[in-house]
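Enquirer: File coords_38.cif follows (mmCIF, C-alpha atoms and all ligand atoms):
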```
data_entry
#
loop_
_atom_site.label_atom_id
_atom_site.label_comp_id
_atom_site.auth_asym_id
_atom_site.auth_seq_id
_atom_site.Cartn_x
_atom_site.Cartn_y
_atom_site.Cartn_z
CA MET C 1 13.15 21.08 -7.36
CA THR C 2 15.03 19.92 -10.42
CA SER C 3 13.03 19.65 -13.62
CA ILE C 4 12.25 16.41 -15.46
CA PRO C 5 15.51 15.02 -16.92
CA ASP C 6 15.75 15.61 -20.69
CA ASN C 7 16.49 11.95 -21.44
CA LEU C 8 13.34 10.91 -19.54
CA LEU C 9 11.12 13.31 -21.45
CA GLU C 10 12.64 12.14 -24.75
CA GLN C 11 12.03 8.50 -23.81
CA LEU C 12 8.39 9.14 -22.92
CA GLU C 13 7.75 11.07 -26.11
CA SER C 14 9.27 8.33 -28.22
CA ASP C 15 7.53 5.47 -26.32
CA LEU C 16 4.14 7.12 -26.62
CA ASP C 17 4.57 8.95 -29.89
CA THR C 18 3.36 12.21 -28.41
CA ARG C 19 4.69 15.64 -27.35
CA PHE C 20 4.42 16.83 -23.79
CA ALA C 21 3.81 20.45 -22.82
CA ASN C 22 3.25 22.37 -19.59
CA THR C 23 5.48 20.06 -17.61
CA ARG C 24 5.66 21.13 -14.00
CA ARG C 25 7.00 19.53 -10.89
CA VAL C 26 4.51 18.62 -8.19
CA SER C 27 5.34 17.51 -4.70
CA GLY C 28 5.58 13.76 -4.79
CA GLY C 29 5.53 11.23 -1.99
CA SER C 30 8.31 10.36 0.39
CA ILE C 31 10.20 8.30 -2.20
CA ASN C 32 9.92 9.58 -5.74
CA GLN C 33 10.09 12.78 -7.73
CA ALA C 34 6.85 13.71 -9.45
CA ALA C 35 5.56 15.97 -12.21
CA ARG C 36 2.41 16.82 -14.12
CA LEU C 37 2.55 16.90 -17.91
CA GLU C 38 0.01 17.52 -20.65
CA SER C 39 -0.27 15.71 -23.96
CA GLU C 40 -2.87 16.22 -26.67
CA GLU C 41 -3.40 12.48 -27.04
CA LEU C 42 -3.37 11.44 -23.38
CA GLY C 43 -4.56 14.55 -21.53
CA SER C 44 -3.06 15.26 -18.08
CA CYS C 45 -0.45 12.78 -16.92
CA PHE C 46 1.27 12.12 -13.59
CA LEU C 47 4.92 11.11 -13.81
CA LYS C 48 6.99 9.53 -11.04
CA TRP C 49 10.66 8.83 -11.38
CA ASN C 50 13.51 7.73 -9.20
CA ARG C 51 17.15 6.94 -9.67
CA SER C 52 17.69 3.86 -7.58
CA ASP C 53 18.84 0.27 -7.46
CA ASP C 54 15.32 -1.01 -6.95
CA SER C 55 14.54 -0.60 -10.62
CA ASP C 56 11.65 -3.07 -10.46
CA MET C 57 9.76 -0.89 -7.97
CA PHE C 58 7.59 0.68 -10.65
CA VAL C 59 7.05 -2.68 -12.38
CA LYS C 60 5.55 -3.94 -9.11
CA GLU C 61 3.48 -0.79 -8.72
CA VAL C 62 2.08 -1.27 -12.23
CA ARG C 63 1.17 -4.89 -11.48
CA GLY C 64 -0.57 -3.73 -8.31
CA LEU C 65 -2.51 -0.99 -10.10
CA GLU C 66 -3.56 -3.51 -12.75
CA LEU C 67 -4.86 -5.93 -10.13
CA LEU C 68 -6.81 -3.13 -8.44
CA GLY C 69 -8.12 -1.92 -11.81
CA ALA C 70 -9.41 -5.41 -12.60
CA GLY C 71 -11.21 -5.57 -9.23
CA GLY C 72 -14.62 -4.67 -10.68
CA THR C 73 -15.27 -1.70 -8.35
CA GLU C 74 -16.27 1.94 -8.92
CA LEU C 75 -13.04 3.16 -7.30
CA VAL C 76 -10.82 5.24 -9.58
CA ILE C 77 -7.52 3.52 -10.29
CA PRO C 78 -5.15 5.60 -12.45
CA GLU C 79 -4.56 4.11 -15.88
CA VAL C 80 -0.89 3.35 -16.57
CA TYR C 81 0.51 4.79 -19.83
CA ASP C 82 4.19 3.87 -19.67
CA HIS C 83 6.93 2.63 -17.40
CA GLY C 84 10.51 1.51 -17.71
CA VAL C 85 14.13 2.11 -16.75
CA LEU C 86 16.54 4.47 -18.57
CA ASP C 87 20.18 3.59 -19.32
CA ASP C 88 21.27 5.68 -16.32
CA SER C 89 18.99 3.46 -14.14
CA THR C 90 16.30 6.09 -13.65
CA GLY C 91 13.02 4.21 -13.22
CA TYR C 92 9.82 5.95 -14.38
CA LEU C 93 6.08 5.49 -14.33
CA LEU C 94 3.60 7.60 -16.28
CA MET C 95 -0.09 7.39 -15.50
CA GLU C 96 -3.35 9.26 -15.75
CA PHE C 97 -3.39 12.43 -13.63
CA ILE C 98 -6.16 12.33 -11.03
CA GLU C 99 -7.53 15.86 -10.71
CA GLU C 100 -8.39 16.37 -7.08
CA GLY C 101 -11.91 17.48 -6.26
CA SER C 102 -13.77 17.57 -3.00
CA ALA C 103 -15.75 14.93 -1.19
CA GLY C 104 -19.51 15.07 -1.69
CA LYS C 105 -22.08 14.10 0.95
CA ASP C 106 -21.94 10.46 -0.10
CA SER C 107 -18.25 10.13 -1.06
CA ASP C 108 -16.92 8.56 2.15
CA ARG C 109 -19.74 6.00 2.38
CA HIS C 110 -19.30 5.08 -1.28
CA PHE C 111 -15.53 4.70 -0.78
CA GLY C 112 -16.06 2.31 2.14
CA GLN C 113 -18.64 0.29 0.25
CA GLN C 114 -16.44 0.02 -2.84
CA LEU C 115 -13.42 -1.02 -0.75
CA ALA C 116 -15.53 -3.88 0.63
CA ARG C 117 -16.32 -4.82 -2.99
CA LEU C 118 -12.62 -4.80 -3.79
CA HIS C 119 -12.07 -7.15 -0.85
CA GLN C 120 -14.63 -9.52 -2.29
CA ASN C 121 -12.06 -10.40 -4.98
CA ARG C 122 -10.63 -13.64 -3.61
CA ALA C 123 -7.65 -15.89 -4.13
CA GLU C 124 -7.01 -19.48 -3.03
CA GLN C 125 -4.17 -18.48 -0.72
CA HIS C 126 -2.89 -15.49 1.25
CA GLY C 127 0.00 -13.75 -0.50
CA LEU C 128 0.63 -13.16 -4.19
CA ASP C 129 2.49 -14.78 -7.08
CA HIS C 130 5.21 -12.12 -6.80
CA ASP C 131 6.92 -10.04 -4.12
CA ASN C 132 6.65 -6.26 -4.15
CA TYR C 133 7.48 -3.29 -1.94
CA ILE C 134 5.99 -1.56 1.07
CA GLY C 135 7.38 1.95 0.92
CA ARG C 136 11.05 1.43 0.18
CA LEU C 137 11.22 -1.99 1.85
CA PRO C 138 10.79 -5.38 0.20
CA GLN C 139 7.44 -7.03 0.90
CA SER C 140 7.45 -10.82 0.81
CA ASN C 141 4.24 -12.37 -0.54
CA THR C 142 5.09 -16.08 -0.37
CA GLN C 143 1.71 -17.80 -0.35
CA HIS C 144 0.20 -19.61 2.67
CA ASP C 145 -3.11 -21.42 3.13
CA ASN C 146 -3.64 -19.90 6.52
CA TRP C 147 -3.83 -16.17 7.40
CA VAL C 148 -1.97 -16.38 10.71
CA ASP C 149 0.91 -18.33 9.12
CA PHE C 150 1.15 -15.70 6.40
CA PHE C 151 1.01 -12.83 8.90
CA VAL C 152 3.65 -14.40 11.15
CA GLN C 153 6.10 -15.53 8.46
CA GLU C 154 5.79 -12.98 5.67
CA ARG C 155 4.82 -9.90 7.61
CA ILE C 156 6.21 -9.98 11.17
CA GLU C 157 9.18 -12.41 11.02
CA TYR C 158 10.32 -10.95 7.71
CA GLN C 159 10.40 -7.41 9.12
CA PHE C 160 11.93 -8.63 12.40
CA SER C 161 14.87 -10.06 10.47
CA ILE C 162 15.33 -6.73 8.65
CA ALA C 163 15.16 -4.98 12.04
CA ARG C 164 17.85 -7.34 13.41
CA GLU C 165 20.13 -6.69 10.40
CA ARG C 166 19.72 -2.94 10.83
CA GLY C 167 19.96 -3.01 14.61
CA ARG C 168 16.49 -1.52 14.90
CA LEU C 169 15.09 -3.98 17.49
CA PRO C 170 16.84 -5.89 20.29
CA SER C 171 17.24 -9.67 19.92
CA SER C 172 15.80 -10.00 23.43
CA LEU C 173 12.35 -9.48 21.86
CA HIS C 174 12.66 -12.84 20.09
CA GLN C 175 10.94 -14.73 22.92
CA ASN C 176 8.09 -12.20 23.12
CA PHE C 177 7.50 -12.60 19.39
CA GLN C 178 7.44 -16.40 19.75
CA ASN C 179 4.91 -16.13 22.59
CA MET C 180 2.77 -13.80 20.50
CA TYR C 181 2.83 -16.16 17.49
CA ARG C 182 1.41 -18.95 19.64
CA ARG C 183 -1.48 -16.73 20.75
CA LEU C 184 -2.43 -15.31 17.37
CA PRO C 185 -4.62 -18.21 16.12
CA ASP C 186 -6.94 -17.50 19.09
CA ILE C 187 -6.95 -13.75 18.45
CA MET C 188 -7.18 -13.26 14.67
CA PRO C 189 -10.15 -14.69 12.76
CA GLU C 190 -9.39 -16.82 9.71
CA GLU C 191 -10.73 -14.41 7.06
CA PRO C 192 -10.58 -15.45 3.38
CA PRO C 193 -7.72 -14.10 1.21
CA SER C 194 -9.06 -10.77 -0.13
CA LEU C 195 -7.49 -8.47 -2.70
CA LEU C 196 -5.95 -5.65 -0.63
CA HIS C 197 -4.52 -2.29 -1.64
CA GLY C 198 -1.93 -3.06 1.02
CA ASP C 199 -0.84 0.50 1.92
CA LEU C 200 -4.13 2.32 2.35
CA TRP C 201 -3.49 5.35 4.52
CA GLY C 202 -4.78 8.92 4.08
CA GLY C 203 -1.92 9.85 1.72
CA ASN C 204 -2.75 7.14 -0.81
CA TYR C 205 -6.28 8.17 -1.72
CA SER C 206 -8.03 11.32 -2.81
CA TYR C 207 -11.41 12.29 -4.21
CA ASP C 208 -11.51 13.12 -7.91
CA ILE C 209 -13.58 15.93 -9.43
CA ASN C 210 -16.69 13.72 -9.30
CA GLY C 211 -16.17 13.09 -5.57
CA THR C 212 -15.23 9.45 -6.25
CA ALA C 213 -12.35 7.93 -4.29
CA ALA C 214 -9.16 7.32 -6.25
CA ILE C 215 -6.55 4.97 -4.76
CA TYR C 216 -2.91 4.71 -5.78
CA ASP C 217 0.60 3.73 -4.67
CA PRO C 218 -0.45 0.20 -3.66
CA ALA C 219 1.44 -2.70 -2.09
CA VAL C 220 -1.06 -5.30 -3.29
CA TYR C 221 -1.51 -8.86 -1.99
CA TYR C 222 -4.32 -11.18 -0.95
CA GLY C 223 -4.86 -11.24 2.79
CA SER C 224 -7.25 -10.67 5.66
CA ARG C 225 -9.39 -7.58 5.02
CA GLU C 226 -8.96 -6.73 8.72
CA MET C 227 -5.33 -5.94 7.94
CA GLU C 228 -6.39 -3.22 5.46
CA LEU C 229 -9.07 -1.78 7.73
CA ALA C 230 -6.65 -1.69 10.68
CA PHE C 231 -4.12 0.38 8.72
CA THR C 232 -6.80 2.98 7.88
CA HIS C 233 -6.89 3.64 11.64
CA MET C 234 -3.12 4.05 12.10
CA PHE C 235 -2.80 7.65 10.89
CA GLY C 236 -6.52 8.51 10.76
CA GLY C 237 -8.16 10.36 7.86
CA PHE C 238 -11.12 8.02 7.33
CA SER C 239 -14.56 9.05 8.55
CA SER C 240 -17.28 7.12 10.34
CA ASP C 241 -19.28 7.22 7.05
CA PHE C 242 -16.44 5.34 5.38
CA TYR C 243 -16.62 2.53 7.96
CA ARG C 244 -20.44 2.50 7.83
CA GLY C 245 -20.23 2.16 4.05
CA TYR C 246 -17.78 -0.72 4.39
CA GLU C 247 -19.92 -2.60 6.90
CA SER C 248 -23.11 -2.04 4.87
CA GLU C 249 -21.45 -4.17 2.19
CA TRP C 250 -19.53 -6.67 4.32
CA PRO C 251 -19.78 -6.43 8.13
CA LEU C 252 -16.62 -7.01 10.15
CA GLU C 253 -16.29 -9.79 12.71
CA ASP C 254 -16.88 -8.91 16.37
CA GLY C 255 -13.89 -7.64 18.31
CA PHE C 256 -12.12 -6.03 15.34
CA GLN C 257 -11.34 -2.85 17.29
CA ASP C 258 -9.34 -4.90 19.84
CA ARG C 259 -7.21 -6.44 17.09
CA ILE C 260 -6.27 -3.23 15.25
CA GLN C 261 -3.02 -2.74 17.15
CA LEU C 262 -1.80 -6.26 16.39
CA TYR C 263 -2.37 -5.95 12.65
CA ASN C 264 -0.66 -2.56 12.68
CA LEU C 265 2.40 -4.10 14.27
CA TYR C 266 3.42 -4.83 10.66
CA HIS C 267 3.25 -1.17 9.63
CA LEU C 268 4.92 -0.06 12.87
CA MET C 269 7.75 -2.49 12.08
CA THR C 270 8.11 -1.25 8.48
CA HIS C 271 8.15 2.35 9.71
CA ASN C 272 10.72 1.42 12.35
CA ASN C 273 12.85 -0.27 9.69
CA MET C 274 12.66 2.81 7.48
CA PHE C 275 12.67 5.66 10.00
CA GLY C 276 13.49 4.22 13.45
CA GLY C 277 12.75 6.51 16.41
CA HIS C 278 9.50 6.19 18.34
CA TYR C 279 8.17 3.46 16.01
CA GLY C 280 10.64 1.00 17.55
CA ARG C 281 9.48 1.85 21.06
CA GLN C 282 5.85 1.30 20.03
CA VAL C 283 6.75 -2.12 18.59
CA GLU C 284 8.50 -3.06 21.83
CA ARG C 285 5.57 -1.97 23.99
CA ILE C 286 3.11 -4.11 22.01
CA VAL C 287 5.28 -7.24 21.80
CA GLN C 288 6.42 -7.09 25.43
CA ARG C 289 2.84 -7.78 26.51
CA PHE C 290 3.35 -11.38 25.34
P1 LIG C 301 5.48 7.90 -3.68
O1 LIG C 301 5.56 6.58 -4.39
O2 LIG C 301 6.71 8.73 -3.88
O3 LIG C 301 5.09 7.77 -2.22
P2 LIG C 301 2.76 8.51 -4.45
O4 LIG C 301 2.36 7.59 -5.54
O5 LIG C 301 2.21 8.23 -3.09
O6 LIG C 301 4.34 8.73 -4.42
O7 LIG C 301 2.31 9.96 -4.89
C1 LIG C 301 2.62 11.08 -4.11
C2 LIG C 301 1.45 12.07 -4.13
O8 LIG C 301 1.17 12.43 -5.48
C3 LIG C 301 0.17 11.46 -3.59
O9 LIG C 301 0.00 11.67 -2.21
C4 LIG C 301 -0.88 12.17 -4.38
O10 LIG C 301 -1.21 13.38 -3.75
C5 LIG C 301 -0.22 12.46 -5.68
N1 LIG C 301 -0.58 11.48 -6.73
C6 LIG C 301 -0.28 10.16 -6.79
N2 LIG C 301 -0.76 9.58 -7.90
C7 LIG C 301 -1.38 10.58 -8.58
C8 LIG C 301 -2.09 10.64 -9.83
N3 LIG C 301 -2.22 9.55 -10.60
N4 LIG C 301 -2.59 11.83 -10.20
C9 LIG C 301 -2.44 12.93 -9.44
N5 LIG C 301 -1.80 12.95 -8.25
C10 LIG C 301 -1.27 11.79 -7.83
#
```
Turn the structure described in the file into structure tokens.

Expert:
Amino acid sequence: MTSIPDNLLEQLESDLDTRFANTRRVSGGSINQAARLESEELGSCFLKWNRSDDSDMFVKEVRGLELLGAGGTELVIPEVYDHGVLDDSTGYLLMEFIEEGSAGKDSDRHFGQQLARLHQNRAEQHGLDHDNYIGRLPQSNTQHDNWVDFFVQERIEYQFSIARERGRLPSSLHQNFQNMYRRLPDIMPEEPPSLLHGDLWGGNYSYDINGTAAIYDPAVYYGSREMELAFTHMFGGFSSDFYRGYESEWPLEDGFQDRIQLYNLYHLMTHNNMFGGHYGRQVERIVQRF
């Protein structure tokens, strides 16, 4: 692991008028480099950086964290201290370090309940006033009045066109997708546009030292809450207490379990567009049923 670039450390110290000590690399996510740093003024900080062309990635992440932070819940959302792009096009984001603790008896239930509270933040339309990213891929948030229209156009069709450009799905699936689109209004309930984290899997939350859930690395938009709940099932890591907590605050509509796979088609398609392999075959199997 290379250490934090000198020019990045200098920039942070001058932006924030502080000195950092005890800088050490930590294992980051799949995309960025990460480090922990200490400052007398700010305490422990978590730094992400990345030398890439998508220099607005961290700007979008900051906007997402701010929306989540303004959601009026008891979830821990890391406070952002600084972000920007260096002359050599290294993007960076400095935020509060979330010290990981362990889950208490009530942590999972509380997490579920607070997520339902987050979802009670509403917008007029599905989507968002700006596009952002899902992993490394662009995420289109063009607004629609209707959930199914948003899901079809901005989630599935958008990723299908990326898949076509990258040769990740055969064009012969086009007809199956069209057939599926016609069926969706009868399958998916018209939920109101809720504030969603947008990328809530087991790797994007942890419990802090008080046993309270902290969520980070969002891909925020307003959409059907079923979309968020479905993704929590894709890789597991959420307990039955979590779902009980959620439903104690805002029960789900009947038949949700049967719809999970269709919502997760989006995440299967993004994973196929990023990593290929078995994700593509799973997409084909689901869509070929239509
Ligand atoms: P990436 O954008 O590269 O996927 P993430 O934001 O998901 O990176 O962070 C990678 C890992 O770093 C997370 O799984 C988590 O364990 C840890 N992490 C993320 N944010 C913080 C934070 N504010 N404080 C401490 N650890 C964090």

Enquirer: Within 10 Å of ligand LIG 301 (chain C) (counting all atoms listed in the file), which residues show up? I'd like them as a ChimeraX atom specification.

Expert: /C:26-36,44-50,57-58,61,76-80,93-100,134-136,199,201-206,208,214-218

Enquirer: Need the shell around region 117-129 of chain C: protein/DNA/RNA residues with any atom at most 7 Å away, counting all atoms listed in the file. Skip same-chain ones fewer than 3 positions apart. Format as a ChimeraX atom specification?

Expert: /C:71,73,113-114,141-147,150,193-196,221-223,225

Enquirer: If you count all atoms listed in the file, which residues fall within 10 Å of region 170-179 of chain C, apart from same-chain ones fewer than 3 positions away, as a PyMOL selection string?

Expert: chain C and resi 152+156-157+160-161+163-164+167+182-184+280+283-284+286-290

Enquirer: Using all atoms listed in the file, find each residue in region 9-127 of chain C having at least one atom no more than 8 Å away from region 228-244 of chain C; report its shortest atom-to-atom pair and that distance in Å (one decimal), rows by chain then rising number, as JSON lines.

Expert:
```
{"residue": "C:Asp108", "atom": "CA", "partner": "C:Phe242", "partner_atom": "CA", "distance": 4.6}
{"residue": "C:Arg109", "atom": "CA", "partner": "C:Phe242", "partner_atom": "CA", "distance": 4.5}
{"residue": "C:His110", "atom": "CA", "partner": "C:Phe242", "partner_atom": "CA", "distance": 7.3}
{"residue": "C:Phe111", "atom": "CA", "partner": "C:Phe242", "partner_atom": "CA", "distance": 6.3}
{"residue": "C:Gly112", "atom": "CA", "partner": "C:Phe242", "partner_atom": "CA", "distance": 4.5}
{"residue": "C:Gln113", "atom": "CA", "partner": "C:Phe242", "partner_atom": "CA", "distance": 7.5}
```

Enquirer: Which distance in Å separates CA of Thr18 (chain C) and CA of Ile4 (chain C), to one decimal?

Expert: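 Taking CA of Thr18 (chain C) and CA of Ile4 (chain C), their separation equals 16.3 Å.
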
Enquirer: Between C:Val220, C:Leu86, C:Leu137, C:Ala116, which has the minimum distance to Gly69 (chain C) (counting only C-alpha atoms)?

Expert: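 The answer is C:Val220, which sits nearest to Gly69 (chain C).
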
Enquirer: State, in Å with one decimal place, the distance from CA of Arg155 (chain C) to CA of Tyr266 (chain C).

Expert: 6.1 Å

Enquirer: Kindly give the distance, in Å, that separates CA of Tyr263 (chain C) and CA of Met180 (chain C), rounded to a single decimal.

Expert: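 Computed distance, CA of Tyr263 (chain C) to CA of Met180 (chain C), equals 12.2 Å.
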
Enquirer: May I ask which of the residues C:Leu169, C:Val148, C:Met227, C:Ile209 is the closest one to Pro185 (chain C), counting only C-alpha atoms?

Expert: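 Nearest to Pro185 (chain C): C:Val148.
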
Enquirer: Extending 4 Å beyond the listed atoms of region 103-109 of chain C on each side, what axis-aligned box results? I want centre and edge lengths in Å to one decimal, as JSON.

Expert:
```
{"center_x": -18.9, "center_y": 10.5, "center_z": 0.3, "size_x": 14.3, "size_y": 17.1, "size_z": 12.1}
```

Enquirer: Identify which of the residues C:Tyr279, C:Leu115, C:Glu226, C:Pro192 lies closest to Asp254 (chain C), counting all atoms listed in the file when measuring atom-to-atom distances.

Expert: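 Selected residue with least distance to Asp254 (chain C): C:Glu226.
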
Enquirer: I need the residue nearest Leu12 (chain C) from this list: C:Met269, C:Lys105, C:His83, C:Glu66. Use all atoms listed in the file for the distance.

Expert: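 Going through C:Met269, C:Lys105, C:His83, C:Glu66 one by one, the smallest distance to Leu12 (chain C) is for C:His83.
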
Enquirer: Report as a ChimeraX atom specification all protein, DNA and RNA residues lying within 7 Å of Thr212 (chain C), evaluated on all atoms listed in the file, omitting residues in the same chain fewer than 5 positions from it.

Expert: /C:75-76,107,207

Enquirer: For Met188 (chain C), which residue out of C:Glu154, C:Glu253, C:Glu40, C:Asp54 is the nearest one, using all atoms listed in the file?

Expert: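 Comparing C:Glu154, C:Glu253, C:Glu40, C:Asp54 against Met188 (chain C), the winner is C:Glu253.
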
Enquirer: Name the closest residue to Asp15 (chain C) among the candidates C:Ile187, C:Leu200, C:Gly84, C:Tyr133; distances are taken between atoms, counting all atoms listed in the file.

Expert: C:Gly84
